[in-house]
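Q: Got a structure here, written out as structure tokens. Questions coming.
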Amino acid sequence: MTIQQEVDFQRIAKAIHFLQENFRTQPTLGQIASHVYMSEAHFQRMFTSWAGTSPKKFLQYISLNHAKSLLKENNIAETTFQLGLSSSSRLHELFINIEGMTPAEYRMKAPTCLFHTIIMKHFLAPSS
């Protein structure tokens, strides 16, 4: 790895850490880029190249994963609030776009989904 690649890698790692720590405030592209001292356009290209997805989509996946855990114990309104989303329609849109179901449908199916995830991890895990 070249020195420039190492610098780029460290910037993307720092951005990912920033997203994981600040997803509840739903930072903008500008805020994330500023955190790693880059222009928005250059950061967008570099992040997508290194992470394989856009910063916005990455933030959506982090938010969705957290929403799934929150929905096990909270209602949709509380989950929306804890995610820092502006309205429950944003949560609804997030679930529809990524999961293909509403948060309410996910909540009703969550035990089944969890069981499916555990089974799939077991069968897809590398053998020791």
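Simple scheme: letters A, B, ... for chains in structure tokens order, numbers from 1 for residues in each chain, numbers from 1 for ligands in the order shown.
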For region 46-48 of chain A, find every residue with an atom within 8 Å (counting only C-alpha atoms), except residues of its own chain fewer than 6 positions away, and show them as a CSV table (one decimal) with all heavy atoms, in the first residue's frame.

A:
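As a result, around-v6.csv now contains:
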```
chain,number,residue,atom,x,y,z
A,8,ASP,N,-5.6,7.7,2.5
A,8,ASP,CA,-7.0,7.6,2.1
A,8,ASP,C,-7.7,6.6,2.9
A,8,ASP,O,-8.9,6.9,3.3
A,8,ASP,CB,-7.0,7.2,0.6
A,8,ASP,CG,-6.5,8.3,-0.3
A,8,ASP,OD1,-6.3,9.4,0.1
A,8,ASP,OD2,-6.3,8.0,-1.5
A,12,ILE,N,-11.1,7.3,5.3
A,12,ILE,CA,-12.4,6.6,5.2
A,12,ILE,C,-12.7,5.9,6.5
A,12,ILE,O,-13.8,5.9,7.0
A,12,ILE,CB,-12.3,5.6,4.0
A,12,ILE,CG1,-12.1,6.4,2.7
A,12,ILE,CG2,-13.6,4.8,4.0
A,12,ILE,CD1,-13.1,7.5,2.4
A,54,SER,N,-22.2,4.5,-1.2
A,54,SER,CA,-22.2,5.9,-0.9
A,54,SER,C,-22.2,6.2,0.6
A,54,SER,O,-22.8,5.3,1.3
A,54,SER,CB,-23.3,6.6,-1.6
A,54,SER,OG,-24.5,6.3,-1.0
A,55,PRO,N,-21.7,7.3,1.0
A,55,PRO,CA,-21.9,7.6,2.4
A,55,PRO,C,-23.3,7.7,2.9
A,55,PRO,O,-23.6,7.2,4.0
A,55,PRO,CB,-21.2,9.0,2.5
A,55,PRO,CG,-20.4,9.2,1.3
A,55,PRO,CD,-21.0,8.3,0.3
```

Q: Report as a PyMOL selection string all protein, DNA and RNA residues lying within 12 Å of region 101-105 of chain A, evaluated on only C-alpha atoms, omitting residues in the same chain fewer than 6 positions from it.

A: chain A and resi 64-65+67-72+74-77+79-80+88-95+111-113

Q: Which of these, A:Ala51, A:Phe58, A:Val36, A:Phe23, has the shortest distance to Gln82 (chain A) once you count only C-alpha atoms?

A: A:Phe23

Q: Taking 4 positions as the minimum chain separation for residues in the same chain, which residues sit within 10 Å of Lys57 (chain A) when counting only C-alpha atoms? Answer as a compact mmCIF listing (two decimals) with C-alpha atoms, in the first residue's frame.

A:
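Dumped to result_1.txt:
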```
# COMPACT_ATOMS: atom_id res chain seq x y z
CA THR A 48 -17.75 5.04 -2.58
CA THR A 53 -21.38 2.23 -1.33
CA TYR A 61 -27.65 0.84 6.71
CA ILE A 62 -26.27 1.89 10.11
CA SER A 63 -29.58 3.57 10.95
CA ILE A 98 -33.85 -1.53 2.03
```

Q: So, with only C-alpha atoms as the atoms that count, which of A:Leu59, A:Ile96, A:Met38, A:Leu85 lies closest to Phe18 (chain A)?

A: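 When distances to Phe18 (chain A) are compared using only C-alpha atoms, the smallest one comes from A:Leu59.
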
Q: Pick out the closest residue to Phe43 (chain A) from this set: A:Thr25, A:Phe81, A:His17, A:Phe9. Count only C-alpha atoms.

A: A:Phe9

Q: Would you mind reading off the distance between CA of Ala13 (chain A) and CA of Ser87 (chain A), one decimal, in Å?

A: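 Computed distance, CA of Ala13 (chain A) to CA of Ser87 (chain A), equals 29.6 Å.
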
Q: I need the residue nearest Leu29 (chain A) from this list: A:Glu73, A:Lys56, A:His42, A:Lys14. Use only C-alpha atoms for the distance.

A: A:Lys56

Q: Could you work out how far CA of Trp50 (chain A) lies from CA of Thr28 (chain A), giving the answer in Å with one decimal?

A: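 Rounded to one decimal, the two atoms are 18.9 Å apart.
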
Q: From the options A:His35, A:Pro27, A:Thr2, A:Ala41, which residue's atoms come nearest to Ala15 (chain A), counting only C-alpha atoms?

A: A:His35

Q: Can you work out the spacing between CA of Ser49 (chain A) and CA of Met1 (chain A) in Å, to one decimal?

A: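 For CA of Ser49 (chain A) relative to CA of Met1 (chain A), the distance reads 15.5 Å.
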
Q: Fewer than 2 positions away in the same chain doesn't count, so skip those; otherwise give me all residues within 6 Å of Arg24 (chain A), counting only C-alpha atoms, as a list in words.

A: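 The residues satisfying every condition are Asn22, Gln26, Leu83 and Gly84 of chain A.
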
Q: Write out as a list in words the set of residues from region 73-111 of chain A that DSSP, computed on the backbone, places in alpha helix (DSSP H).

A: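 After running DSSP on the backbone, region 73-111 of chain A has alpha helix (DSSP H) at Ile76, Ala77, Glu78, Thr79, Thr80, Phe81, Gln82, Leu83, Ser88, Ser89, Arg90, Leu91, His92, Glu93, Leu94, Phe95, Ile96, Asn97, Ile98, Glu99, Pro103, Ala104, Glu105, Tyr106, Arg107, Met108, Lys109, Ala110 and Pro111 of chain A.
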